[in-house]
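Q: Supplied structure: model_33.tsv, TSV, C-alpha atoms.
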```tsv
chain	number	residue	atom	x	y	z
A	1066	MET	CA	0.00	0.00	0.00
A	1067	ILE	CA	2.85	2.39	0.89
A	1068	ARG	CA	4.44	1.66	-2.47
A	1069	ILE	CA	1.25	2.49	-4.36
A	1070	LEU	CA	0.75	5.69	-2.34
A	1071	ALA	CA	4.36	6.72	-2.98
A	1072	LEU	CA	3.87	6.14	-6.71
A	1073	VAL	CA	0.60	8.08	-6.83
A	1074	GLY	CA	2.31	10.90	-4.90
A	1075	ALA	CA	5.19	10.90	-7.38
A	1076	ILE	CA	2.83	11.04	-10.37
A	1077	ILE	CA	0.83	13.93	-8.89
A	1078	THR	CA	4.06	15.77	-8.03
A	1079	MET	CA	5.32	15.43	-11.60
A	1080	LEU	CA	2.04	16.64	-13.10
A	1081	GLY	CA	1.67	19.66	-10.80
A	1082	PRO	CA	4.02	20.94	-8.10
A	1083	ALA	CA	7.24	19.90	-9.86
A	1084	ARG	CA	6.19	21.24	-13.27
A	1085	THR	CA	8.73	24.08	-13.26
A	1086	LEU	CA	11.55	21.57	-12.77
A	1087	VAL	CA	10.01	19.18	-15.31
A	1088	MET	CA	9.48	21.79	-18.02
A	1089	SER	CA	12.93	23.32	-17.63
A	1090	GLY	CA	14.53	19.87	-17.90
A	1091	LEU	CA	16.23	20.19	-14.53
A	1092	GLY	CA	14.52	17.13	-13.11
A	1093	PRO	CA	14.53	14.98	-11.06
A	1094	ASP	CA	12.01	12.46	-12.35
A	1095	PHE	CA	10.13	11.41	-9.21
A	1096	ILE	CA	8.14	8.67	-10.97
A	1097	LEU	CA	11.31	7.01	-12.24
A	1098	LEU	CA	13.00	7.33	-8.84
A	1099	THR	CA	10.03	5.85	-6.99
A	1100	ILE	CA	9.77	2.87	-9.35
A	1101	TRP	CA	13.53	2.37	-9.12
A	1102	ALA	CA	13.43	2.41	-5.30
A	1103	ILE	CA	10.46	0.02	-5.21
A	1104	VAL	CA	12.08	-2.49	-7.59
A	1105	TRP	CA	15.58	-2.13	-6.14
A	1106	PHE	CA	14.73	-2.64	-2.48
A	1107	SER	CA	12.22	-5.43	-2.95
A	1108	ASP	CA	12.87	-9.13	-3.34
A	1109	GLN	CA	9.70	-9.54	-5.40
A	1110	LYS	CA	10.44	-9.64	-9.10
A	1111	SER	CA	6.81	-8.94	-9.98
A	1112	LEU	CA	6.93	-5.30	-8.89
A	1113	TRP	CA	7.65	-4.17	-12.46
A	1114	ARG	CA	3.84	-4.40	-12.78
A	1115	LEU	CA	3.63	-1.18	-10.76
A	1116	ALA	CA	5.69	0.48	-13.49
A	1117	LEU	CA	3.25	-0.83	-16.10
A	1118	ALA	CA	0.30	0.46	-14.06
A	1119	SER	CA	1.91	3.90	-13.70
A	1120	GLY	CA	2.65	3.95	-17.42
A	1121	LEU	CA	-0.94	3.03	-18.21
A	1122	LEU	CA	-2.24	5.87	-16.04
A	1123	LEU	CA	0.12	8.38	-17.66
A	1124	ASP	CA	-0.84	7.19	-21.15
A	1125	PHE	CA	-4.50	7.33	-20.23
A	1126	ILE	CA	-4.32	10.99	-19.21
A	1127	SER	CA	-1.90	12.11	-21.92
A	1128	PHE	CA	-2.73	12.70	-25.58
A	1129	ASN	CA	0.01	10.51	-27.08
A	1130	SER	CA	-1.19	8.27	-29.86
A	1131	TRP	CA	1.15	5.51	-28.66
A	1132	PRO	CA	1.53	3.93	-25.20
A	1133	VAL	CA	4.85	5.72	-24.74
A	1134	TRP	CA	4.88	5.79	-20.96
A	1135	SER	CA	3.80	2.17	-20.52
A	1136	ILE	CA	6.60	1.00	-22.79
A	1137	ALA	CA	9.25	3.34	-21.32
A	1138	LEU	CA	8.56	2.57	-17.67
A	1139	THR	CA	7.96	-1.17	-18.16
A	1140	LEU	CA	11.10	-1.71	-20.24
A	1141	GLY	CA	13.14	0.35	-17.77
A	1142	SER	CA	11.93	-1.61	-14.76
A	1143	LEU	CA	12.30	-4.99	-16.53
A	1144	ALA	CA	15.90	-4.04	-17.41
A	1145	LEU	CA	16.48	-3.21	-13.74
A	1146	VAL	CA	14.94	-6.53	-12.57
A	1147	TYR	CA	17.18	-8.41	-15.04
A	1148	LEU	CA	20.39	-6.56	-14.09
A	1149	LYS	CA	19.66	-6.83	-10.38
A	1150	GLY	CA	19.30	-10.57	-10.57
A	1151	LYS	CA	22.39	-11.16	-12.73
A	1152	PHE	CA	25.04	-8.47	-12.34
A	1153	LEU	CA	24.13	-5.90	-9.71
A	1154	GLU	CA	24.33	-6.27	-5.95
A	1155	THR	CA	21.49	-4.61	-3.98
A	1156	SER	CA	23.76	-3.53	-1.12
A	1157	SER	CA	26.13	-1.54	-3.33
A	1158	LEU	CA	25.48	2.17	-3.83
A	1159	LEU	CA	27.48	2.14	-7.04
A	1160	HIS	CA	25.50	-0.80	-8.42
A	1161	SER	CA	22.22	0.81	-7.45
A	1162	LEU	CA	23.17	3.99	-9.30
A	1163	ILE	CA	24.23	1.96	-12.36
A	1164	GLY	CA	20.79	0.33	-12.27
A	1165	LEU	CA	19.12	3.74	-12.01
A	1166	ALA	CA	21.23	5.13	-14.87
A	1167	VAL	CA	20.30	2.18	-17.11
A	1168	MET	CA	16.62	2.58	-16.26
A	1169	ASN	CA	16.79	6.31	-16.97
A	1170	LEU	CA	18.58	5.77	-20.29
A	1171	VAL	CA	16.05	3.15	-21.38
A	1172	GLN	CA	13.22	5.57	-20.59
A	1173	LEU	CA	14.95	8.44	-22.42
A	1174	ALA	CA	15.66	6.20	-25.43
A	1175	VAL	CA	12.01	5.13	-25.70
A	1176	LEU	CA	10.72	8.70	-25.33
A	1177	THR	CA	13.27	9.98	-27.86
A	1178	ILE	CA	12.24	7.33	-30.40
A	1179	PHE	CA	8.57	8.23	-30.02
A	1180	THR	CA	9.00	12.01	-30.07
A	1181	GLY	CA	11.49	11.85	-32.93
A	1182	TYR	CA	14.04	14.29	-31.53
A	1183	LEU	CA	16.93	14.11	-29.11
A	1184	GLU	CA	16.70	16.67	-26.31
A	1185	THR	CA	20.27	17.11	-25.14
A	1186	GLY	CA	19.12	19.50	-22.40
A	1187	LEU	CA	17.84	16.54	-20.37
A	1188	TRP	CA	21.33	15.59	-19.14
A	1189	ILE	CA	20.83	17.83	-16.09
A	1190	SER	CA	17.72	15.83	-15.23
A	1191	PHE	CA	19.78	12.64	-15.63
A	1192	ILE	CA	22.45	13.91	-13.22
A	1193	SER	CA	19.87	15.14	-10.67
A	1194	ASN	CA	18.18	11.72	-10.82
A	1195	LEU	CA	21.48	10.09	-9.91
A	1196	ALA	CA	22.16	12.60	-7.12
A	1197	LEU	CA	18.72	12.12	-5.60
A	1198	GLY	CA	19.01	8.37	-6.21
A	1199	GLY	CA	22.11	8.30	-3.96
A	1200	LEU	CA	20.26	10.15	-1.21
A	1201	LEU	CA	17.23	7.90	-1.64
A	1202	PHE	CA	19.44	4.81	-1.42
A	1203	TYR	CA	20.78	5.84	1.99
A	1204	SER	CA	17.40	7.08	3.26
A	1205	VAL	CA	15.55	3.88	2.35
A	1206	ALA	CA	18.42	1.72	3.59
A	1207	VAL	CA	18.40	3.49	6.96
A	1208	MET	CA	14.61	3.57	7.31
A	1209	GLY	CA	14.20	-0.03	6.20
A	1210	ARG	CA	17.15	-1.21	8.35
A	1211	TYR	CA	18.81	-2.67	5.28
A	1212	PHE	CA	22.34	-1.95	6.49
A	1213	ALA	CA	21.93	-4.49	9.30
A	1214	ARG	CA	20.68	-7.06	6.81
A	1215	TRP	CA	23.56	-6.32	4.44
A	1216	SER	CA	26.29	-6.32	7.06
A	1217	GLY	CA	29.28	-8.24	5.88
A	1218	ARG	CA	28.41	-8.09	2.19
A	1219	ARG	CA	28.11	-4.38	1.47
A	1220	LEU	CA	30.48	-3.29	-1.25
A	1221	GLY	CA	30.34	0.46	-0.52
B	188	MET	CA	10.55	-23.60	-22.57
B	189	ILE	CA	9.13	-20.26	-21.48
B	190	GLY	CA	8.35	-20.06	-17.77
B	191	ARG	CA	4.93	-19.20	-16.34
B	192	ASP	CA	6.21	-15.89	-15.03
B	193	TRP	CA	7.41	-14.82	-18.47
B	194	LEU	CA	4.13	-15.90	-20.08
B	195	LEU	CA	2.29	-13.73	-17.55
B	196	ARG	CA	4.59	-10.80	-18.31
B	197	ILE	CA	4.06	-11.12	-22.07
B	198	ALA	CA	0.30	-11.51	-21.64
B	199	LEU	CA	0.04	-8.45	-19.38
B	200	ILE	CA	2.14	-6.26	-21.66
B	201	SER	CA	0.24	-7.41	-24.77
B	202	LEU	CA	-3.07	-6.69	-23.08
B	203	ALA	CA	-1.89	-3.24	-22.06
B	204	LEU	CA	-0.64	-2.49	-25.57
B	205	ILE	CA	-3.88	-3.64	-27.20
B	206	LEU	CA	-5.85	-1.51	-24.75
B	207	LEU	CA	-3.73	1.51	-25.45
B	208	VAL	CA	-3.90	1.11	-29.21
B	209	VAL	CA	-7.70	1.21	-29.04
B	210	LEU	CA	-7.77	3.96	-26.40
B	211	PRO	CA	-7.44	6.88	-28.85
B	212	LEU	CA	-10.79	5.83	-30.36
B	213	PRO	CA	-13.60	8.35	-29.72
B	214	PHE	CA	-15.48	5.68	-27.74
B	215	PHE	CA	-13.00	6.03	-24.87
B	216	GLN	CA	-12.91	9.84	-24.87
B	217	PRO	CA	-15.44	10.39	-22.05
B	218	SER	CA	-13.66	7.99	-19.69
B	219	ARG	CA	-10.25	9.51	-20.46
B	220	ASP	CA	-11.67	13.00	-19.87
B	221	LEU	CA	-13.07	11.80	-16.55
B	222	VAL	CA	-9.68	10.42	-15.46
B	223	ARG	CA	-7.93	13.65	-16.53
B	224	ASN	CA	-10.37	15.76	-14.53
B	225	THR	CA	-10.12	13.40	-11.53
B	226	VAL	CA	-6.31	13.48	-11.54
B	227	ALA	CA	-6.43	17.27	-11.94
B	228	PHE	CA	-8.04	17.70	-8.51
B	229	PRO	CA	-5.14	16.39	-6.34
B	230	VAL	CA	-2.69	17.99	-8.79
B	231	LYS	CA	-4.37	21.37	-8.27
B	232	ILE	CA	-4.41	21.05	-4.48
B	233	SER	CA	-0.79	19.90	-4.24
B	234	THR	CA	0.37	22.63	-6.67
B	235	ALA	CA	-1.39	25.29	-4.58
B	236	GLY	CA	0.17	23.83	-1.41
B	237	ALA	CA	3.65	23.79	-2.95
B	238	ALA	CA	3.18	27.37	-4.16
B	239	LYS	CA	2.22	28.50	-0.61
B	240	VAL	CA	5.31	26.80	0.87
B	241	GLY	CA	7.50	28.39	-1.83
B	242	GLN	CA	5.91	31.79	-1.16
B	243	PHE	CA	6.60	31.45	2.58
B	244	PHE	CA	10.29	30.74	2.02
B	245	ARG	CA	10.60	33.51	-0.56
B	246	LEU	CA	9.05	35.91	1.97
B	247	ILE	CA	11.55	34.93	4.65
B	248	PHE	CA	14.49	35.41	2.32
B	249	SER	CA	13.21	38.74	1.00
B	250	LEU	CA	12.41	40.51	4.31
B	251	ASN	CA	15.58	42.60	4.10
B	252	GLU	CA	14.72	43.92	0.68
B	253	LEU	CA	11.09	44.67	1.54
B	254	SER	CA	11.53	48.04	3.26
B	255	GLY	CA	13.68	49.40	0.42
B	256	GLU	CA	11.25	48.01	-2.13
B	257	ASN	CA	8.34	49.61	-0.29
B	258	ALA	CA	9.89	53.08	-0.50
B	259	ARG	CA	10.69	52.57	-4.17
B	260	LEU	CA	7.13	51.39	-4.89
B	261	ARG	CA	5.62	54.45	-3.17
B	262	GLU	CA	7.70	56.68	-5.38
B	263	GLU	CA	6.69	54.67	-8.46
B	264	ASN	CA	3.05	54.82	-7.36
B	265	ASN	CA	3.13	58.61	-7.30
B	266	GLN	CA	4.69	58.70	-10.75
B	267	MET	CA	2.07	56.24	-12.05
B	268	ARG	CA	-0.77	58.35	-10.67
B	269	ALA	CA	0.55	61.31	-12.59
B	270	LYS	CA	0.86	59.14	-15.70
B	271	VAL	CA	-2.71	57.81	-15.34
B	272	GLU	CA	-4.06	61.33	-15.26
B	273	SER	CA	-2.14	62.22	-18.38
B	274	LEU	CA	-3.29	58.97	-20.09
B	275	LYS	CA	-6.93	59.73	-19.29
B	276	ALA	CA	-6.62	62.91	-21.26
B	277	THR	CA	-4.94	61.06	-24.13
B	278	GLU	CA	-7.66	58.39	-24.11
B	279	THR	CA	-10.41	60.95	-24.45
B	280	GLU	CA	-8.55	62.55	-27.32
B	281	ASN	CA	-7.98	59.11	-28.90
B	282	GLN	CA	-11.69	58.21	-28.70
B	283	LEU	CA	-12.61	61.44	-30.42
B	284	LEU	CA	-10.09	60.83	-33.20
B	285	ARG	CA	-11.24	57.21	-33.68
B	286	ARG	CA	-14.82	58.29	-34.04
B	287	GLU	CA	-13.76	60.77	-36.62
B	288	LEU	CA	-11.69	58.27	-38.61
B	289	ASN	CA	-14.29	55.50	-38.21
B	290	PHE	CA	-11.52	53.34	-36.83
B	291	LYS	CA	-12.24	49.68	-36.50
B	292	GLN	CA	-10.52	47.83	-33.69
B	293	ASN	CA	-8.69	44.80	-35.04
B	294	THR	CA	-8.12	42.98	-31.80
B	295	ASN	CA	-11.54	41.42	-31.49
B	296	PHE	CA	-10.39	37.82	-31.14
B	297	ASN	CA	-12.89	35.40	-29.73
B	298	LEU	CA	-11.14	34.25	-26.55
B	299	LEU	CA	-12.21	31.16	-24.64
B	300	PRO	CA	-10.82	30.95	-21.09
B	301	ALA	CA	-9.55	27.54	-19.99
B	302	GLN	CA	-8.07	26.17	-16.79
B	303	VAL	CA	-4.79	24.24	-16.87
B	304	LEU	CA	-5.43	20.73	-15.53
B	305	GLN	CA	-1.91	19.32	-15.60
B	306	TYR	CA	1.44	19.50	-17.33
B	307	SER	CA	3.15	16.66	-19.20
B	308	PRO	CA	5.28	14.51	-16.88
B	309	SER	CA	8.43	15.00	-18.99
B	310	GLY	CA	10.17	18.11	-20.30
B	311	LEU	CA	10.49	16.31	-23.62
B	312	PHE	CA	6.82	16.83	-24.45
B	313	GLN	CA	6.44	20.50	-23.37
B	314	SER	CA	2.65	20.38	-23.30
B	315	LEU	CA	-0.23	20.83	-20.91
B	316	THR	CA	-3.86	19.76	-20.63
B	317	ILE	CA	-6.75	22.22	-20.38
B	318	ASP	CA	-10.34	21.73	-19.24
B	319	LYS	CA	-12.01	22.70	-22.53
B	320	GLY	CA	-12.57	20.41	-25.50
B	321	SER	CA	-14.42	19.99	-28.76
B	322	GLU	CA	-17.80	20.53	-27.10
B	323	HIS	CA	-16.65	24.06	-26.19
B	324	GLY	CA	-15.66	24.81	-29.78
B	325	LEU	CA	-11.98	23.90	-29.59
B	326	ALA	CA	-10.23	22.51	-32.64
B	327	GLU	CA	-6.66	21.51	-33.47
B	328	SER	CA	-4.12	24.27	-34.23
B	329	GLN	CA	-6.01	27.11	-32.55
B	330	PRO	CA	-3.59	29.60	-30.95
B	331	VAL	CA	-3.42	29.77	-27.15
B	332	VAL	CA	-2.47	32.97	-25.30
B	333	SER	CA	-2.00	34.20	-21.76
B	334	GLN	CA	-1.77	37.87	-20.73
B	335	GLY	CA	-1.76	38.72	-24.43
B	336	TYR	CA	1.34	36.61	-25.17
B	337	LEU	CA	1.45	33.45	-27.25
B	338	VAL	CA	1.60	30.25	-25.19
B	339	GLY	CA	1.29	27.63	-27.92
B	340	ARG	CA	-1.22	25.82	-30.06
B	341	VAL	CA	-4.04	23.39	-29.42
B	342	GLY	CA	-2.81	19.86	-30.16
B	343	SER	CA	-5.12	16.87	-29.78
B	344	VAL	CA	-8.68	17.61	-28.76
B	345	SER	CA	-11.00	15.42	-26.75
B	346	LYS	CA	-14.64	16.10	-25.91
B	347	LYS	CA	-14.03	17.89	-22.58
B	348	THR	CA	-10.25	18.36	-22.51
B	349	ALA	CA	-7.52	19.35	-24.93
B	350	GLU	CA	-3.76	19.31	-25.21
B	351	VAL	CA	-1.84	22.57	-25.63
B	352	VAL	CA	1.54	22.21	-27.29
B	353	LEU	CA	3.75	24.95	-25.82
B	354	ILE	CA	5.94	27.17	-27.98
B	355	THR	CA	8.90	25.58	-26.17
B	356	ASN	CA	8.06	22.23	-27.81
B	357	ARG	CA	10.73	21.25	-30.36
B	358	SER	CA	8.17	20.05	-32.90
B	359	LEU	CA	6.29	23.36	-32.98
B	360	ILE	CA	7.62	25.87	-35.51
B	361	THR	CA	5.96	29.29	-35.37
B	362	PRO	CA	6.32	31.96	-38.07
B	363	VAL	CA	7.11	35.27	-36.36
B	364	SER	CA	8.15	38.76	-37.37
B	365	LEU	CA	10.17	41.48	-35.69
B	366	SER	CA	7.79	44.30	-34.89
B	367	SER	CA	10.39	47.02	-35.55
B	368	SER	CA	11.36	45.93	-39.07
B	369	GLY	CA	8.72	43.39	-40.11
B	370	VAL	CA	11.42	40.81	-40.95
B	371	VAL	CA	10.02	37.27	-40.81
B	372	GLY	CA	11.72	34.33	-39.09
B	373	LEU	CA	10.86	30.98	-37.55
B	374	LEU	CA	10.42	30.55	-33.82
B	375	VAL	CA	11.73	27.23	-32.51
B	376	GLY	CA	11.50	26.10	-28.91
B	377	GLY	CA	13.40	23.72	-26.68
B	378	ILE	CA	14.12	23.02	-23.03
B	379	ARG	CA	16.79	25.74	-23.06
B	380	GLY	CA	14.45	28.45	-24.32
B	381	LEU	CA	13.20	30.11	-27.50
B	382	VAL	CA	15.15	31.08	-30.62
B	383	VAL	CA	14.17	32.75	-33.88
B	384	GLU	CA	16.00	31.35	-36.91
B	385	ASN	CA	16.28	32.30	-40.59
B	386	ILE	CA	16.57	36.06	-40.07
B	387	PRO	CA	18.49	37.63	-43.00
B	388	LEU	CA	21.99	38.83	-42.09
B	389	ASP	CA	21.30	42.40	-43.16
B	390	ALA	CA	18.12	42.71	-41.04
B	391	PRO	CA	18.29	45.51	-38.47
B	392	VAL	CA	18.04	43.75	-35.11
B	393	LYS	CA	18.63	45.15	-31.67
B	394	GLN	CA	18.11	43.93	-28.13
B	395	GLY	CA	14.57	44.54	-26.88
B	396	ASP	CA	12.93	44.41	-30.33
B	397	GLY	CA	9.42	43.00	-30.04
B	398	VAL	CA	8.58	39.65	-31.65
B	399	VAL	CA	5.02	38.96	-32.82
B	400	THR	CA	3.34	36.16	-34.74
B	401	SER	CA	3.22	36.35	-38.52
B	402	SER	CA	0.24	35.23	-40.59
B	403	LEU	CA	2.64	33.48	-42.98
B	404	GLU	CA	1.29	30.01	-43.91
B	405	GLY	CA	-2.00	30.96	-42.23
B	406	LEU	CA	-1.14	29.18	-38.98
B	407	TYR	CA	-1.64	32.17	-36.67
B	408	PRO	CA	-3.31	35.55	-36.87
B	409	SER	CA	-0.61	38.18	-37.17
B	410	GLY	CA	0.36	40.46	-34.31
B	411	ILE	CA	0.11	38.20	-31.24
B	412	ALA	CA	3.01	39.14	-28.95
B	413	VAL	CA	5.60	36.41	-28.41
B	414	GLY	CA	8.39	38.18	-26.53
B	415	GLU	CA	11.43	40.30	-27.21
B	416	VAL	CA	14.92	39.84	-28.58
B	417	ALA	CA	17.41	39.08	-25.80
B	418	GLU	CA	20.56	38.60	-27.93
B	419	VAL	CA	21.93	37.50	-31.27
B	420	ILE	CA	23.42	34.03	-30.81
B	421	SER	CA	24.51	33.12	-34.35
B	422	SER	CA	28.20	33.20	-35.19
B	423	LYS	CA	29.83	35.36	-37.89
B	424	GLU	CA	30.11	32.45	-40.32
B	425	ASP	CA	26.35	31.73	-40.31
B	426	ILE	CA	24.33	32.77	-43.33
B	427	PHE	CA	21.29	33.66	-41.22
B	428	LEU	CA	20.90	35.39	-37.88
B	429	THR	CA	19.66	33.39	-34.91
B	430	LEU	CA	18.10	35.32	-32.05
B	431	ARG	CA	17.43	34.26	-28.49
B	432	ILE	CA	13.97	35.37	-27.40
B	433	THR	CA	12.58	35.91	-23.91
B	434	THR	CA	8.92	35.85	-23.04
B	435	PRO	CA	7.56	37.58	-19.92
B	436	LEU	CA	5.38	34.52	-19.30
B	437	ASN	CA	6.47	31.72	-17.04
B	438	LEU	CA	5.33	28.90	-19.31
B	439	SER	CA	5.74	26.30	-16.59
B	440	ALA	CA	3.49	28.04	-14.07
B	441	LEU	CA	0.34	28.77	-16.08
B	442	THR	CA	-2.98	28.17	-14.36
B	443	ARG	CA	-5.33	29.79	-16.89
B	444	VAL	CA	-4.97	30.35	-20.62
B	445	PHE	CA	-7.14	31.73	-23.43
B	446	VAL	CA	-7.81	29.91	-26.69
B	447	ILE	CA	-8.43	32.02	-29.79
B	448	THR	CA	-11.37	30.15	-31.25
B	449	ASP	CA	-12.14	32.16	-34.39
```
How does this structure look as C-alpha cells?
A:
Amino acid sequence: MIRILALVGAIITMLGPARTLVMSGLGPDFILLTIWAIVWFSDQKSLWRLALASGLLLDFISFNSWPVWSIALTLGSLALVYLKGKFLETSSLLHSLIGLAVMNLVQLAVLTIFTGYLETGLWISFISNLALGGLLFYSVAVMGRYFARWSGRRLG
Amino acid sequence: MIGRDWLLRIALISLALILLVVLPLPFFQPSRDLVRNTVAFPVKISTAGAAKVGQFFRLIFSLNELSGENARLREENNQMRAKVESLKATETENQLLRRELNFKQNTNFNLLPAQVLQYSPSGLFQSLTIDKGSEHGLAESQPVVSQGYLVGRVGSVSKKTAEVVLITNRSLITPVSLSSSGVVGLLVGGIRGLVVENIPLDAPVKQGDGVVTSSLEGLYPSGIAVGEVAEVISSKEDIFLTLRITTPLNLSALTRVFVITD
C-alpha cells in the first residue's frame, strides 16, 4: 500500500508541483526514482507491474497516440529486474546507481524514439536523478534497516 | 521452454498495448476526460500547497529587501498616478479621433478561457492539458495565449479536454516577425528556451525588439506578442541570424490560458 501511495504521490508531483523543474529539464524524475526504489529494495520480481500500471495511467491521461509511458517505464523496470538478478548487488550504492542510470537511459531512449528528436538539455535531469538516487538509497536503507541485513556483504 | 512468469509478463504487456492502441478511439474519450479531470483535482491542491510553501520561504528570504522596495514602490506609485491622469486625457482625445476616422478595432479575437489541468510529466513533451474540449468549440491548431502573449497551439482535442503544445516544444515551428522591421523568421523552442531562426543577415536587429506572430502560412493571426529579442546568438560564419527570445510569461506556471477560437 505504501508503495502504491508513494507512486501516486510521485505522479501527482510530476504533473503539478514539480512542473517548473520538469518543463525546464532540470529534473529529477520522481516517478522514475520511486519505481527504481520500489524495484531495487524489494525481493519480489513482480513489482515491475507497478511500473506498467503507472505507465498506463500516464498514457491514459496524456494525448500521445502511442503507449509511450507504458513501454518506457515497463522496459526500464524490466531491465532493472534483469540486471539486479544477474550483475548488480542490492547492497552496493554504485551498483544501485548503475541500475538507475540504465533505467533512466532506457526511458529516455524510448521517449526519444517516439517524439522523434533528441533533447540534449535533459542531461541535467539525468544527473539530478542520480544525485537524488544516492540520497534515496541511503534514506531507504536506513529507514528499512537494510544496512543491518547487508552487514558483511556491502560493497560500498 | 518459457516459464509461467514470463508468459504472464508477455500476456500483461500485450493486453496493455492492445488496450492503449484502441484507447485513442472516440469511444473512450469520455472515460479519459473523466480520469484527466479526476487526476487534476489532487494535482491542483498539491500545486497550490507547494506554491504556498515556496511563497513562505521567498518571503523569509526577501524581508531585508522589503523596506527598500516599499519606499521605491511608493515613489513609483506617485509617478504612475501622474501618468494615469495624463493617459486619461490622451484616451479621451484618442476616442474622439477614432470616431472621426471611423476606426475599427482589429483585436476582437474570440477568446475562450480555460483552466490548466496538468502538465506533461516529462520536459520532452512541453505540453499541458486544459479543461475545454471539442464541445466548447476547440479545434486543433487554434492559438493559445496568456496575458496577451502566445503560449502555444491546441494539439489533440478530446470532448471535454484538450492538449496545448507549448511554444517551447521542439516540434512546434511558429512563423514570427520582428515588430520594428517586419522581418520574418521561424520561432523554434526547446528546453533551453526560445530562438528565432532564418533572419536575414542584413536585417536591423537590436536587443529589446518585439517579436510577434506572422500570418505566414495561415497558422496564426498576425500580431500576437511572443516576446522580445534578448541577444543575437549566431556566429559570424552563419548565413542567417539566430536570435534568443525571452517571453515575460512563465510557461511552466500557467494556471489559466485563453484559446483564440475564431
Q: Closest to chain B among A:Leu1153, A:Ile1163, A:Ile1067, A:Leu1176, using only C-alpha atoms?
A: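 Distance minimum relative to chain B lands on A:Leu1176.
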Q: Select all residues from chain A having any atom no more than 9 Å from an atom of chain B (counting only C-alpha atoms, ignoring ligands), output as a PyMOL selection string.
A: chain A and resi 1076-1092+1094+1096+1111+1114+1117+1121-1132+1135-1136+1139+1176-1177+1180-1187
Q: Rank B:Trp193, B:Phe427, B:Phe296, B:Tyr336 by their smallest atom-to-atom distance to Ile447 of chain B, using all atoms listed in the file, and report the top residue only.
A: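 For Ile447 of chain B, the nearest of the candidates is B:Phe296.
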Q: Atom CA of Ile197 of chain B and atom CA of Ser1161 of chain A are how many Å apart?
A: 26.2 Å
Q: Can you tell me which residues surround Ala1116 of chain A at a distance of at most 7 Å, considering only C-alpha atoms, apart from same-chain residues fewer than 5 positions away, and format the answer as a list in words?
A: Ile1100, Leu1138, Thr1139 and Ser1142 of chain A
Q: Which one is closest to Gly1198 of chain A: A:Gly1150, A:Gly1164, A:Gly1120, A:Gly1141? Count all atoms listed in the file.
A: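 Nearest candidate to Gly1198 of chain A out of A:Gly1150, A:Gly1164, A:Gly1120, A:Gly1141: A:Gly1164.
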Q: Between B:Val341, B:Val370, B:Leu388, B:Val363, which is the closest to Pro408 of chain B once you count all atoms listed in the file?
A: B:Val363
Q: Env of Val398 of chain B: 12 Å cut, atoms = all atoms listed in the file, seq-sep filter 5 positions within chain, self excluded. Answer as number ranges by chain.
A: B: 336-337, 361-374, 381-383, 392-393, 409-417, 430-435
Q: Save the residues we just selected, C-alpha atoms, as a PDB file, in the coordinates of the input?
A:
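Listed below is the output, selection-v2.pdb:
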```
ATOM      1  CA  TYR B 336       1.340  36.610 -25.170  1.00  0.00           C
ATOM      2  CA  LEU B 337       1.450  33.450 -27.250  1.00  0.00           C
ATOM      3  CA  THR B 361       5.960  29.290 -35.370  1.00  0.00           C
ATOM      4  CA  PRO B 362       6.320  31.960 -38.070  1.00  0.00           C
ATOM      5  CA  VAL B 363       7.110  35.270 -36.360  1.00  0.00           C
ATOM      6  CA  SER B 364       8.150  38.760 -37.370  1.00  0.00           C
ATOM      7  CA  LEU B 365      10.170  41.480 -35.690  1.00  0.00           C
ATOM      8  CA  SER B 366       7.790  44.300 -34.890  1.00  0.00           C
ATOM      9  CA  SER B 367      10.390  47.020 -35.550  1.00  0.00           C
ATOM     10  CA  SER B 368      11.360  45.930 -39.070  1.00  0.00           C
ATOM     11  CA  GLY B 369       8.720  43.390 -40.110  1.00  0.00           C
ATOM     12  CA  VAL B 370      11.420  40.810 -40.950  1.00  0.00           C
ATOM     13  CA  VAL B 371      10.020  37.270 -40.810  1.00  0.00           C
ATOM     14  CA  GLY B 372      11.720  34.330 -39.090  1.00  0.00           C
ATOM     15  CA  LEU B 373      10.860  30.980 -37.550  1.00  0.00           C
ATOM     16  CA  LEU B 374      10.420  30.550 -33.820  1.00  0.00           C
ATOM     17  CA  LEU B 381      13.200  30.110 -27.500  1.00  0.00           C
ATOM     18  CA  VAL B 382      15.150  31.080 -30.620  1.00  0.00           C
ATOM     19  CA  VAL B 383      14.170  32.750 -33.880  1.00  0.00           C
ATOM     20  CA  VAL B 392      18.040  43.750 -35.110  1.00  0.00           C
ATOM     21  CA  LYS B 393      18.630  45.150 -31.670  1.00  0.00           C
ATOM     22  CA  SER B 409      -0.610  38.180 -37.170  1.00  0.00           C
ATOM     23  CA  GLY B 410       0.360  40.460 -34.310  1.00  0.00           C
ATOM     24  CA  ILE B 411       0.110  38.200 -31.240  1.00  0.00           C
ATOM     25  CA  ALA B 412       3.010  39.140 -28.950  1.00  0.00           C
ATOM     26  CA  VAL B 413       5.600  36.410 -28.410  1.00  0.00           C
ATOM     27  CA  GLY B 414       8.390  38.180 -26.530  1.00  0.00           C
ATOM     28  CA  GLU B 415      11.430  40.300 -27.210  1.00  0.00           C
ATOM     29  CA  VAL B 416      14.920  39.840 -28.580  1.00  0.00           C
ATOM     30  CA  ALA B 417      17.410  39.080 -25.800  1.00  0.00           C
ATOM     31  CA  LEU B 430      18.100  35.320 -32.050  1.00  0.00           C
ATOM     32  CA  ARG B 431      17.430  34.260 -28.490  1.00  0.00           C
ATOM     33  CA  ILE B 432      13.970  35.370 -27.400  1.00  0.00           C
ATOM     34  CA  THR B 433      12.580  35.910 -23.910  1.00  0.00           C
ATOM     35  CA  THR B 434       8.920  35.850 -23.040  1.00  0.00           C
ATOM     36  CA  PRO B 435       7.560  37.580 -19.920  1.00  0.00           C
TER      37      PRO B 435
END
```
Q: Would you compute the distance between atom CA of Ser421 of chain B and atom CA of Val338 of chain B? Give it in Å to one decimal.
A: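 For atom CA of Ser421 of chain B relative to atom CA of Val338 of chain B, the distance reads 24.8 Å.
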